[in-house]
Structure formats: structure tokens, C-alpha cells
>>> print(open('target23.cif').read())   # mmCIF, C-alpha atoms
data_my_file
loop_
_atom_site.label_atom_id
_atom_site.label_comp_id
_atom_site.auth_asym_id
_atom_site.auth_seq_id
_atom_site.Cartn_x
_atom_site.Cartn_y
_atom_site.Cartn_z
CA MET A 1083 -21.67 7.28 18.95
CA ALA A 1084 -18.64 6.70 21.10
CA GLU A 1085 -19.80 3.79 23.25
CA PRO A 1086 -18.99 0.28 21.94
CA ASP A 1087 -22.31 -1.22 23.15
CA ARG A 1088 -24.30 1.35 21.19
CA TRP A 1089 -22.43 0.35 18.05
CA GLN A 1090 -23.12 -3.30 18.81
CA THR A 1091 -26.83 -2.57 19.16
CA TRP A 1092 -26.69 -0.64 15.89
CA ALA A 1093 -25.11 -3.67 14.19
CA ARG A 1094 -27.41 -6.30 15.70
CA GLU A 1095 -30.63 -4.43 15.08
CA GLU A 1096 -29.57 -3.31 11.59
CA LYS A 1097 -30.39 0.28 12.50
CA PRO A 1098 -29.80 2.91 9.84
CA LEU A 1099 -26.95 5.37 10.22
CA VAL A 1100 -27.80 8.74 11.69
CA VAL A 1101 -27.22 11.55 9.22
CA HIS A 1102 -24.77 14.24 10.25
CA ASP A 1103 -24.57 17.21 7.94
CA GLU A 1104 -21.36 18.65 9.27
CA VAL A 1105 -18.19 17.95 7.33
CA ALA A 1106 -15.44 16.09 9.21
CA PRO A 1107 -13.01 18.73 10.52
CA VAL A 1108 -9.83 16.57 10.12
CA LYS A 1109 -8.02 18.85 12.56
CA ALA A 1110 -5.06 16.46 12.66
CA MET A 1111 -4.17 17.24 9.04
CA PRO A 1112 -2.21 20.38 8.06
CA PRO A 1113 -4.69 22.91 6.58
CA LEU A 1114 -2.71 23.23 3.32
CA LEU A 1115 -3.39 19.55 2.56
CA ARG A 1116 -6.82 19.34 4.16
CA ARG A 1117 -8.20 22.06 1.88
CA ARG A 1118 -7.93 19.67 -1.10
CA ALA A 1119 -10.29 17.09 0.43
CA GLN A 1120 -14.05 17.14 -0.09
CA PRO A 1121 -16.66 15.80 2.38
CA LEU A 1122 -16.28 12.11 1.47
CA GLY A 1123 -12.49 12.32 1.47
CA ARG A 1124 -12.59 14.18 4.77
CA ALA A 1125 -14.73 11.47 6.34
CA ALA A 1126 -12.19 8.86 5.23
CA LEU A 1127 -9.30 11.01 6.48
CA GLU A 1128 -10.93 11.48 9.88
CA VAL A 1129 -11.13 7.69 10.15
CA LEU A 1130 -7.47 7.25 9.11
CA TYR A 1131 -6.41 9.80 11.74
CA ALA A 1132 -8.54 8.16 14.47
CA PRO A 1133 -6.42 7.59 17.59
CA SER A 1134 -7.97 4.12 17.94
CA LEU A 1135 -6.56 3.14 14.55
CA ASP A 1136 -3.08 4.23 15.62
CA TYR A 1137 -1.79 4.18 12.06
CA ALA A 1138 1.69 2.66 11.89
CA ASN A 1139 2.68 2.85 8.19
CA GLN A 1140 0.69 -0.21 7.10
CA PRO A 1141 -0.36 -0.57 3.46
CA ILE A 1142 -3.76 1.07 2.85
CA ILE A 1143 -6.51 -0.44 0.75
CA PHE A 1144 -8.99 2.31 -0.07
CA CYS A 1145 -12.40 1.11 -1.28
CA SER A 1146 -15.29 3.18 -2.60
CA ARG A 1147 -17.91 2.19 -5.16
CA TYR A 1148 -17.95 5.49 -7.00
CA GLY A 1149 -15.75 7.87 -5.04
CA GLU A 1150 -16.55 11.59 -5.15
CA THR A 1151 -19.00 11.78 -8.04
CA GLY A 1152 -19.96 15.38 -7.24
CA ARG A 1153 -16.37 16.53 -7.75
CA CYS A 1154 -16.03 14.63 -11.02
CA LEU A 1155 -19.32 15.84 -12.44
CA ASN A 1156 -18.57 19.45 -11.58
CA PHE A 1157 -15.23 19.06 -13.24
CA LEU A 1158 -16.70 17.55 -16.43
CA GLN A 1159 -19.32 20.28 -16.62
CA THR A 1160 -16.67 23.00 -16.31
CA LEU A 1161 -14.64 21.29 -19.02
CA ALA A 1162 -17.67 21.21 -21.32
CA GLU A 1163 -18.67 24.82 -20.63
CA GLU A 1164 -15.32 26.60 -20.41
CA GLY A 1165 -12.84 24.21 -21.99
CA LYS A 1166 -10.57 24.60 -18.93
CA VAL A 1167 -10.56 22.64 -15.73
CA SER A 1168 -9.28 23.47 -12.31
CA PRO A 1169 -5.75 22.02 -11.90
CA GLN A 1170 -6.42 21.70 -8.19
CA GLU A 1171 -9.58 19.67 -8.74
CA PHE A 1172 -7.88 17.58 -11.39
CA SER A 1173 -4.99 16.73 -9.09
CA VAL A 1174 -7.33 15.16 -6.54
CA SER A 1175 -9.89 13.63 -8.87
CA VAL A 1176 -8.19 10.21 -8.99
CA HIS A 1177 -9.59 7.42 -6.83
CA ASN A 1178 -6.45 7.12 -4.70
CA ALA A 1179 -6.22 10.87 -3.94
CA THR A 1180 -7.58 10.65 -0.39
CA PRO A 1181 -5.13 8.04 0.96
CA GLY A 1182 -2.46 9.90 -1.05
CA LEU A 1183 -3.15 13.13 0.86
CA PHE A 1184 -2.99 11.18 4.12
CA LEU A 1185 0.39 9.65 3.32
CA ILE A 1186 1.81 12.99 2.13
CA ALA A 1187 0.75 14.51 5.46
CA LYS A 1188 2.30 11.56 7.33
CA GLN A 1189 5.42 11.72 5.13
CA CYS A 1190 5.02 7.98 4.75
CA ARG A 1191 5.68 5.86 1.67
CA ALA A 1192 3.32 2.99 2.47
CA ALA A 1193 1.66 1.23 -0.47
CA VAL A 1194 -1.84 2.35 -1.44
CA THR A 1195 -4.31 0.28 -3.40
CA ALA A 1196 -7.54 1.98 -4.48
CA LEU A 1197 -10.48 -0.20 -5.43
CA ALA A 1198 -13.71 0.83 -7.13
CA SER A 1199 -16.37 -1.70 -7.94
CA GLU A 1200 -20.09 -1.31 -8.38
CA THR A 1201 -20.76 -4.75 -6.93
CA GLN A 1202 -19.09 -7.00 -4.38
CA LEU A 1203 -16.74 -4.30 -3.14
CA ALA A 1204 -16.63 -5.75 0.38
CA LEU A 1205 -15.45 -9.08 -1.06
CA SER A 1206 -12.88 -7.39 -3.31
CA GLY A 1207 -11.50 -5.41 -0.37
CA ILE A 1208 -11.12 -8.51 1.80
CA GLN A 1209 -9.53 -10.48 -1.03
CA GLU A 1210 -7.03 -7.70 -1.65
CA ALA A 1211 -6.24 -7.45 2.07
CA LEU A 1212 -5.63 -11.20 2.35
CA ALA A 1213 -3.53 -11.21 -0.82
CA GLN A 1214 -1.28 -8.47 0.59
CA ILE A 1215 -0.99 -10.30 3.91
CA ALA A 1216 -0.13 -13.54 2.06
CA ASP A 1217 2.50 -11.47 0.26
CA GLY A 1218 4.15 -10.51 3.55
CA ALA A 1219 2.36 -7.45 4.96
CA PRO A 1220 2.00 -7.92 8.75
CA SER A 1221 -1.29 -6.00 8.62
CA VAL A 1222 -3.22 -3.74 6.27
CA ILE A 1223 -5.71 -0.91 6.76
CA LEU A 1224 -8.91 -1.53 4.83
CA VAL A 1225 -10.92 1.69 4.38
CA PHE A 1226 -14.44 1.84 3.00
CA CYS A 1227 -16.19 5.12 2.25
CA GLU A 1228 -19.35 5.92 0.33
CA GLU A 1229 -21.69 8.82 -0.15
CA PRO A 1230 -25.01 9.16 -1.99
CA LEU A 1231 -24.44 9.65 -5.70
CA THR A 1232 -24.73 13.13 -7.14
CA PRO A 1233 -28.38 13.45 -8.36
CA LEU A 1234 -27.58 13.32 -12.09
CA TYR A 1235 -26.05 9.84 -11.73
CA ARG A 1236 -28.61 8.46 -9.31
CA ALA A 1237 -30.98 7.33 -12.06
CA PHE A 1238 -28.37 4.91 -13.38
CA VAL A 1239 -27.87 2.72 -10.33
CA GLU A 1240 -30.26 0.46 -8.47
CA ASP A 1241 -28.85 0.56 -4.97
CA ASP A 1242 -27.31 3.86 -4.02
CA GLU A 1243 -25.98 4.39 -0.50
CA PRO A 1244 -28.60 6.53 1.29
CA VAL A 1245 -26.15 7.96 3.84
CA GLY A 1246 -22.46 8.78 3.52
CA PHE A 1247 -20.04 6.90 5.75
CA ALA A 1248 -16.42 5.94 6.22
CA PHE A 1249 -14.82 3.27 8.36
CA ALA A 1250 -11.52 1.47 8.59
CA LEU A 1251 -10.61 -2.05 9.66
CA GLU A 1252 -7.15 -3.29 10.47
CA ILE A 1253 -6.73 -6.76 9.00
CA ALA A 1254 -3.99 -9.08 10.29
CA GLU A 1255 -3.37 -12.80 10.15
CA GLY A 1256 -5.28 -14.71 12.82
CA LYS A 1257 -7.96 -17.24 13.57
CA ASP A 1258 -10.99 -15.02 14.29
CA TYR A 1259 -12.38 -15.02 10.77
CA GLN A 1260 -12.06 -17.13 7.68
CA LEU A 1261 -12.84 -16.26 4.06
CA VAL A 1262 -14.17 -19.31 2.22
CA CYS A 1263 -15.39 -20.05 -1.27
CA ASP A 1264 -17.65 -23.07 -1.81
CA GLU A 1265 -17.17 -24.91 -5.05
CA VAL A 1266 -20.90 -25.51 -5.25
CA PRO A 1267 -22.75 -22.26 -4.55
CA THR A 1268 -25.43 -22.39 -1.85
CA LYS A 1269 -27.85 -20.54 -4.08
CA ALA A 1270 -28.26 -20.42 -7.81
CA SER A 1271 -27.55 -17.00 -9.24
CA THR A 1272 -30.61 -15.03 -8.25
CA GLU A 1273 -32.72 -12.69 -10.33
CA THR A 1274 -32.62 -9.98 -7.70
CA PRO A 1275 -29.17 -8.47 -7.51
CA PHE A 1276 -27.41 -8.95 -4.20
CA ASN A 1277 -25.03 -6.12 -3.55
CA PRO A 1278 -24.30 -5.76 0.14
CA SER A 1279 -23.16 -2.37 1.35
CA ALA A 1280 -19.68 -2.30 2.86
CA LEU A 1281 -21.52 -1.49 6.08
CA SER A 1282 -22.60 -5.14 6.26
CA LEU A 1283 -18.94 -5.95 6.90
CA LEU A 1284 -18.82 -3.51 9.80
CA ARG A 1285 -22.08 -4.88 11.20
CA PHE A 1286 -20.76 -8.43 10.95
CA ALA A 1287 -17.53 -7.53 12.73
CA LEU A 1288 -19.50 -5.89 15.56
CA ASP A 1289 -22.28 -8.47 15.95
CA GLU A 1290 -20.74 -11.47 17.62
CA THR A 1291 -23.98 -13.44 17.45
CA ARG A 1292 -23.57 -13.89 13.69
CA ALA A 1293 -21.42 -16.71 12.33
CA VAL A 1294 -21.65 -16.19 8.55
CA LEU A 1295 -21.60 -13.17 6.23
CA PRO A 1296 -22.46 -13.97 2.60
CA LEU A 1297 -20.46 -11.77 0.25
CA THR A 1298 -22.01 -12.72 -3.10
CA GLY A 1299 -25.55 -13.39 -4.31
CA ALA A 1300 -24.75 -17.06 -4.95
CA GLU A 1301 -23.31 -17.26 -1.41
CA ASP A 1302 -20.22 -19.06 -2.62
CA TRP A 1303 -17.89 -16.48 -1.08
CA LYS A 1304 -18.52 -15.86 2.59
CA LEU A 1305 -16.84 -14.72 5.73
CA LEU A 1306 -17.02 -17.09 8.72
CA ARG A 1307 -16.55 -16.13 12.35
CA ALA A 1308 -14.64 -18.67 14.41
CA ALA A 1309 -16.42 -20.14 17.44
CA PRO A 1310 -15.27 -18.37 20.63
CA GLU A 1311 -13.26 -21.38 21.90
CA ALA A 1312 -11.19 -21.42 18.72
CA GLY A 1313 -8.96 -18.69 20.17
CA HIS A 1314 -8.02 -15.22 19.08
CA ALA A 1315 -5.89 -13.66 16.40
CA MET B 212 -2.54 49.86 -5.07
CA SER B 213 -3.53 48.42 -1.71
CA GLU B 214 -7.01 47.92 -3.13
CA LEU B 215 -5.59 45.68 -5.83
CA THR B 216 -3.31 43.81 -3.43
CA ASP B 217 -6.31 43.10 -1.18
CA GLU B 218 -8.31 41.98 -4.20
CA ILE B 219 -5.53 39.57 -5.17
CA LYS B 220 -5.26 38.26 -1.62
CA THR B 221 -9.00 37.58 -1.64
CA LEU B 222 -8.66 35.87 -5.03
CA ILE B 223 -5.87 33.65 -3.66
CA ILE B 224 -7.86 32.73 -0.55
CA GLU B 225 -11.02 31.91 -2.47
CA THR B 226 -9.39 30.14 -5.40
CA LEU B 227 -7.12 27.98 -3.31
CA ASN B 228 -9.61 27.22 -0.49
CA LEU B 229 -7.28 28.60 2.14
CA GLU B 230 -9.27 27.84 5.25
CA ASP B 231 -8.62 30.01 8.29
CA VAL B 232 -6.56 32.52 6.28
CA ALA B 233 -7.74 36.15 6.18
CA VAL B 234 -6.61 38.96 3.86
CA ALA B 235 -4.77 40.53 6.81
CA ASP B 236 -2.82 37.28 7.38
CA ILE B 237 -1.10 37.46 4.00
CA ASP B 238 2.06 39.51 3.94
CA THR B 239 2.12 41.49 0.68
CA ASP B 240 5.88 41.00 0.29
CA ALA B 241 6.25 37.44 1.57
CA PRO B 242 6.92 34.60 -0.89
CA LEU B 243 3.73 32.89 -2.08
CA PHE B 244 5.32 29.53 -2.78
CA VAL B 245 7.09 27.02 -0.54
CA ASP B 246 8.11 29.47 2.21
CA GLY B 247 5.76 32.24 3.25
CA LEU B 248 2.24 31.20 2.32
CA GLY B 249 3.41 27.68 1.45
CA LEU B 250 1.66 27.21 -1.88
CA ASP B 251 2.75 24.51 -4.35
CA SER B 252 2.97 24.01 -8.11
CA ILE B 253 -0.68 22.95 -8.41
CA ASP B 254 -1.65 26.21 -6.73
CA ALA B 255 0.46 28.10 -9.28
CA LEU B 256 -1.51 26.50 -12.12
CA GLU B 257 -4.80 27.14 -10.33
CA LEU B 258 -3.88 30.77 -9.79
CA GLY B 259 -2.95 31.08 -13.47
CA VAL B 260 -6.45 29.91 -14.44
CA ALA B 261 -8.04 32.33 -11.94
CA LEU B 262 -5.97 35.31 -13.21
CA HIS B 263 -7.02 34.47 -16.74
CA LYS B 264 -10.70 34.36 -15.78
CA ARG B 265 -10.65 37.52 -13.66
CA TYR B 266 -8.23 39.79 -15.53
CA GLY B 267 -7.89 38.20 -18.96
CA LEU B 268 -4.19 37.58 -18.43
CA GLU B 269 -2.33 34.90 -20.38
CA LEU B 270 0.55 33.56 -18.33
CA SER B 271 2.86 30.90 -19.66
CA ALA B 272 3.61 28.20 -17.10
CA GLU B 273 7.09 27.73 -18.60
CA ALA B 274 8.21 31.36 -18.94
CA GLU B 275 10.88 32.59 -16.56
CA GLU B 276 9.05 35.93 -16.11
CA THR B 277 5.99 34.09 -14.78
CA ARG B 278 8.11 32.98 -11.83
CA LYS B 279 8.99 36.61 -11.11
CA TYR B 280 5.35 37.77 -11.24
CA PHE B 281 4.33 34.95 -8.88
CA ALA B 282 6.96 35.80 -6.26
CA SER B 283 4.65 37.70 -3.90
CA VAL B 284 1.29 39.45 -3.77
CA ARG B 285 3.10 42.73 -4.55
CA THR B 286 4.83 41.47 -7.71
CA LEU B 287 1.57 39.88 -8.84
CA ALA B 288 -0.38 43.11 -8.22
CA ASP B 289 2.23 45.10 -10.19
CA TYR B 290 1.88 42.70 -13.10
CA VAL B 291 -1.92 42.60 -12.99
CA GLY B 292 -2.09 46.43 -12.75
CA ALA B 293 0.10 46.84 -15.84
CA HIS B 294 -1.28 44.08 -18.06
CA ARG B 295 -4.92 43.43 -17.12
CA ALA B 296 -7.33 43.18 -20.04
CA ARG B 297 -10.38 43.64 -17.81
#
>>> encode(input="target23.cif", output="C-alpha cells")
Amino acid sequence: MAEPDRWQTWAREEKPLVVHDEVAPVKAMPPLLRRRAQPLGRAALEVLYAPSLDYANQPIIFCSRYGETGRCLNFLQTLAEEGKVSPQEFSVSVHNATPGLFLIAKQCRAAVTALASETQLALSGIQEALAQIADGAPSVILVFCEEPLTPLYRAFVEDDEPVGFAFALEIAEGKDYQLVCDEVPTKASTETPFNPSALSLLRFALDETRAVLPLTGAEDWKLLRAAPEAGHA
Amino acid sequence: MSELTDEIKTLIIETLNLEDVAVADIDTDAPLFVDGLGLDSIDALELGVALHKRYGLELSAEAEETRKYFASVRTLADYVGAHRAR
């Protein structure tokens, strides 16, 4: 979808993502670097290269719950069966490999932070972004990417992502949003785990009718949208 | 000989995921690393593993001769032709 209003409808109506089987081409990246990226990494790279992002050497915060589990499993199986692993696969099996490839291609020495967290990853990403901004970064690029777990691992998690995705947000100081933490949680810790997909962050950013995005099950941490008259960032 | 050089070119393309590169695109005498094909040190290690699997060759990553064998497809084919165990 290229049209902004279609994305807004998608966010407001909580529509599922449409599955595309084709792998992101990442034509902007030199082929010798691109060949090291797998489908999830390529999706994230396509987002980083997006003209609308207009990347200008900001620090990158790369967030993914599990990263490329297919690559890691394949790698572990080869190690078990043959006792040798592919050096090429090994070199890109770390969580920060994808933003690393991007910065090598850009010949840029911006800082990269890679976060993995089974729960509350959206909150962790925002906290990290705000911490870096408080530390002096004028803006940061916050990337989220997920794909369905490789089947062998799927039995071990309760809420897998059904569809792969990648998106990036540029976070800068302003007055449009506020991250707050209530001392007294709105809800007692619930029995049912609350683990919002990073997509909820994208939906919240797009859906201007919503004022609050809870980021934890107890709803102590939340993101607030400023009322329109409060001004812009 | 050209059969073996083509086989090695195919091995390089497949092992190193060289998209959009065909056997005919690789110059048999051009350098494999940095200039020429533009491969890097990780590719050298990967190729070492592939040569071991395919031809049963044991190449030391440190040895000076290894550098010579890895200079081009031709030097690699000469080495594989003379030392292959399978």
C-alpha cells in the first residue's frame, strides 16, 4: 500500500497485514553485501533504504523479538551433523548483523543498538530511543522487524507473529507524544499475558483518533498522544 | 581444464550466493578477492569449507601458499586438479 489513507484505515480498523511472498529486492544495496541478508533482514534493509526515511547517519535501534530463527536453526543443525558451520552464515548470525550490513554499505559509523526481548519489545525500543535522545542524539531510527518463528520453535511461544513485517520510525524530541509510567498501575498484573506486537506502535502512530497506547499488561507504561492544539514536534 | 574451471566458478557462485553473476561473467584469470570479483575474507573461509566438502582438500587459512591458490579461478583449478581427494 502506498497511499497514506489506506494505511490509516488499516490502523484504525486493526486489519491484518497482507502476506507477500516475494523477498524484498533491496536494489539500493550493493549485491555483494545484499547477498548476506535473508528475507527478514532484507525487509528491514528495504525499510532503512526507503526514500521517505531519508537516512542521515542517525543512530539505529534495531528491534526484533527473535531475529532470524531459521538461519540460526539451520546453522545449529549443520554444526550438530557435520561439526563445521558456514563462516558466511556465522558472520551474519548476530542480532545486529542487518543494521551492520546497512552501515557498511553506507560507509557510515553511526551507533547501532540491537534489542531482542520476548515481551514488551515496543516499550524497550521507545525507552532506548528516548534514552539516546536524552543523551544528545538529535534523532534516532527505531526499526522493528519480525517474522513467524521457524516451525521447530513455534511450540515454545504463545504469541508468534503470524506475518513477517518491518517498519522504521524516526524519533526526535517534540511534543506530539509522551511516554509515561504511573506509579500505581491501572490494572493488577493479569493472568493472561499482554504482549503487544510492535505493529501496535505503528497502528497507534497512524490512528490519530487514539489517545493512549498501553505498553505493558499492568498499563503502568503507556504512550500518550498530545491533543491537536498542543502543537507539533 | 575448462571443465574444472567452470565447475569451480559454479561452486563459487552457489557457495557465496553471488546473485546476478553467471559462470561466463567470471574471468578465469582475474583476482577473486578485493579487486576482480570483490570477495572478502569471510568468502575465503566459506570457499575453504566448500573445497573441503567437494574435493576433500585441507587448506590452512594461515599458510602463505593458500593465498597463492586463492588468487584466481585458474590458480584454484590448478591446485584442485593436482590435490583433489575426490
>>> residues_around(input="target23.cif", residues="Leu1295 (chain A)", least_positions_apart="4", cutoff="7 Å", atoms="all atoms listed in the file", output="PDB file with C-alpha atoms, keeping the file's coordinate frame")
ATOM      1  CA  PHE A1286     -20.760  -8.430  10.950  1.00  0.00           C
ATOM      2  CA  LYS A1304     -18.520 -15.860   2.590  1.00  0.00           C
ATOM      3  CA  LEU A1305     -16.840 -14.720   5.730  1.00  0.00           C
ATOM      4  CA  LEU A1306     -17.020 -17.090   8.720  1.00  0.00           C
TER       5      LEU A1306
END
>>> residues_around(input="target23.cif", residues="region 1236-1242 of chain A", least_positions_apart="5", cutoff="12 Å", atoms="all atoms listed in the file", output="list of chain:residue names")
A:Arg1147, A:Tyr1148, A:Thr1151, A:Gly1152, A:Glu1200, A:Thr1201, A:Glu1228, A:Glu1229, A:Pro1230, A:Leu1231, A:Thr1274, A:Pro1275, A:Phe1276, A:Asn1277, A:Pro1278, A:Ser1279, A:Ala1280
>>> write_last_selection(input="target23.cif", atoms="C-alpha atoms", output="PDB file, in the frame of the given file")
ATOM      1  CA  ARG A1147     -17.910   2.190  -5.160  1.00  0.00           C
ATOM      2  CA  TYR A1148     -17.950   5.490  -7.000  1.00  0.00           C
ATOM      3  CA  THR A1151     -19.000  11.780  -8.040  1.00  0.00           C
ATOM      4  CA  GLY A1152     -19.960  15.380  -7.240  1.00  0.00           C
ATOM      5  CA  GLU A1200     -20.090  -1.310  -8.380  1.00  0.00           C
ATOM      6  CA  THR A1201     -20.760  -4.750  -6.930  1.00  0.00           C
ATOM      7  CA  GLU A1228     -19.350   5.920   0.330  1.00  0.00           C
ATOM      8  CA  GLU A1229     -21.690   8.820  -0.150  1.00  0.00           C
ATOM      9  CA  PRO A1230     -25.010   9.160  -1.990  1.00  0.00           C
ATOM     10  CA  LEU A1231     -24.440   9.650  -5.700  1.00  0.00           C
ATOM     11  CA  THR A1274     -32.620  -9.980  -7.700  1.00  0.00           C
ATOM     12  CA  PRO A1275     -29.170  -8.470  -7.510  1.00  0.00           C
ATOM     13  CA  PHE A1276     -27.410  -8.950  -4.200  1.00  0.00           C
ATOM     14  CA  ASN A1277     -25.030  -6.120  -3.550  1.00  0.00           C
ATOM     15  CA  PRO A1278     -24.300  -5.760   0.140  1.00  0.00           C
ATOM     16  CA  SER A1279     -23.160  -2.370   1.350  1.00  0.00           C
ATOM     17  CA  ALA A1280     -19.680  -2.300   2.860  1.00  0.00           C
TER      18      ALA A1280
END
>>> resolve_selection(input="target23.cif", expression="the PyMOL selection byres ((chain A and resi 1117) around 8)", output="PDB file with C-alpha atoms, keeping the file's coordinate frame")
ATOM      1  CA  PRO A1113      -4.690  22.910   6.580  1.00  0.00           C
ATOM      2  CA  LEU A1114      -2.710  23.230   3.320  1.00  0.00           C
ATOM      3  CA  LEU A1115      -3.390  19.550   2.560  1.00  0.00           C
ATOM      4  CA  ARG A1116      -6.820  19.340   4.160  1.00  0.00           C
ATOM      5  CA  ARG A1118      -7.930  19.670  -1.100  1.00  0.00           C
ATOM      6  CA  ALA A1119     -10.290  17.090   0.430  1.00  0.00           C
ATOM      7  CA  GLN A1120     -14.050  17.140  -0.090  1.00  0.00           C
TER       8      GLN A1120
ATOM      9  CA  LEU B 227      -7.120  27.980  -3.310  1.00  0.00           C
ATOM     10  CA  ASN B 228      -9.610  27.220  -0.490  1.00  0.00           C
ATOM     11  CA  LEU B 229      -7.280  28.600   2.140  1.00  0.00           C
ATOM     12  CA  GLU B 230      -9.270  27.840   5.250  1.00  0.00           C
TER      13      GLU B 230
END
>>> resolve_selection(input="target23.cif", expression="the PyMOL selection byres ((chain A and resi 1188) around 12)", output="list in words")
Ala1110, Met1111, Pro1112, Leu1115, Leu1127, Leu1130, Tyr1131, Tyr1137, Ala1138, Asn1139, Gln1140, Pro1181, Gly1182, Leu1183, Phe1184, Leu1185, Ile1186, Ala1187, Gln1189, Cys1190, Arg1191 and Ala1192 of chain A
>>> residues_around(input="target23.cif", residues="Ala1254 (chain A)", least_positions_apart="3", cutoff="12 Å", atoms="all atoms listed in the file", output="PyMOL selection string")
chain A and resi 1140-1141+1208+1211-1216+1218-1224+1251+1257-1260+1314-1315
>>> residues_near_point(input="target23.cif", point="(-6.3, 32.4, -7.8)", cutoff="6 Å", atoms="only C-alpha atoms", output="PyMOL selection string")
chain B and resi 222-223+226+258+261
>>> resolve_selection(input="target23.cif", expression="the PyMOL selection byres ((chain B) within 12 of (chain A))", output="VMD selection string")
chain B and resid 224 to 232 244 to 245 248 to 261 263 to 264
>>> write_last_selection(input="target23.cif", atoms="C-alpha atoms", output="PDB file, in the coordinates of the input")
ATOM      1  CA  ILE B 224      -7.860  32.730  -0.550  1.00  0.00           C
ATOM      2  CA  GLU B 225     -11.020  31.910  -2.470  1.00  0.00           C
ATOM      3  CA  THR B 226      -9.390  30.140  -5.400  1.00  0.00           C
ATOM      4  CA  LEU B 227      -7.120  27.980  -3.310  1.00  0.00           C
ATOM      5  CA  ASN B 228      -9.610  27.220  -0.490  1.00  0.00           C
ATOM      6  CA  LEU B 229      -7.280  28.600   2.140  1.00  0.00           C
ATOM      7  CA  GLU B 230      -9.270  27.840   5.250  1.00  0.00           C
ATOM      8  CA  ASP B 231      -8.620  30.010   8.290  1.00  0.00           C
ATOM      9  CA  VAL B 232      -6.560  32.520   6.280  1.00  0.00           C
ATOM     10  CA  PHE B 244       5.320  29.530  -2.780  1.00  0.00           C
ATOM     11  CA  VAL B 245       7.090  27.020  -0.540  1.00  0.00           C
ATOM     12  CA  LEU B 248       2.240  31.200   2.320  1.00  0.00           C
ATOM     13  CA  GLY B 249       3.410  27.680   1.450  1.00  0.00           C
ATOM     14  CA  LEU B 250       1.660  27.210  -1.880  1.00  0.00           C
ATOM     15  CA  ASP B 251       2.750  24.510  -4.350  1.00  0.00           C
ATOM     16  CA  SER B 252       2.970  24.010  -8.110  1.00  0.00           C
ATOM     17  CA  ILE B 253      -0.680  22.950  -8.410  1.00  0.00           C
ATOM     18  CA  ASP B 254      -1.650  26.210  -6.730  1.00  0.00           C
ATOM     19  CA  ALA B 255       0.460  28.100  -9.280  1.00  0.00           C
ATOM     20  CA  LEU B 256      -1.510  26.500 -12.120  1.00  0.00           C
ATOM     21  CA  GLU B 257      -4.800  27.140 -10.330  1.00  0.00           C
ATOM     22  CA  LEU B 258      -3.880  30.770  -9.790  1.00  0.00           C
ATOM     23  CA  GLY B 259      -2.950  31.080 -13.470  1.00  0.00           C
ATOM     24  CA  VAL B 260      -6.450  29.910 -14.440  1.00  0.00           C
ATOM     25  CA  ALA B 261      -8.040  32.330 -11.940  1.00  0.00           C
ATOM     26  CA  HIS B 263      -7.020  34.470 -16.740  1.00  0.00           C
ATOM     27  CA  LYS B 264     -10.700  34.360 -15.780  1.00  0.00           C
TER      28      LYS B 264
END
>>> closest_residue(input="target23.cif", among="A:Cys1145, A:Cys1154, A:Ala1093, A:Val1105", to="Thr1232 (chain A)", atoms="all atoms listed in the file")
A:Cys1154
>>> atom_distance(input="target23.cif", atom1="CA of Val1101 (chain A)", atom2="CA of Thr1180 (chain A)")
21.9 Å
>>> atom_distance(input="target23.cif", atom1="CA of Phe281 (chain B)", atom2="CA of Arg1153 (chain A)")
27.7 Å
>>> axis_aligned_box(input="target23.cif", around="region 1163-1171 of chain A", padding_each_side="5 Å", output="AutoDock Vina command-line options")
--center_x -12.2 --center_y 23.1 --center_z -15.1 --size_x 22.9 --size_y 16.9 --size_z 23.8
>>> residues_around(input="target23.cif", residues="Val284 (chain B)", least_positions_apart="5", cutoff="10 Å", atoms="only C-alpha atoms", output="list in words")
Leu215, Thr216, Asp217, Glu218, Ile219, Lys220, Ile223, Ile237, Asp238, Thr239, Asp240, Ala241, Pro242, Leu243, Asp289 and Tyr290 of chain B
>>> atom_distance(input="target23.cif", atom1="CA of Trp1303 (chain A)", atom2="CA of Pro1086 (chain A)")
28.5 Å
>>> closest_residue(input="target23.cif", among="A:Ala1106, A:Leu1297, A:Pro1244, A:Leu1284", to="Gln1202 (chain A)", atoms="all atoms listed in the file")
A:Leu1297
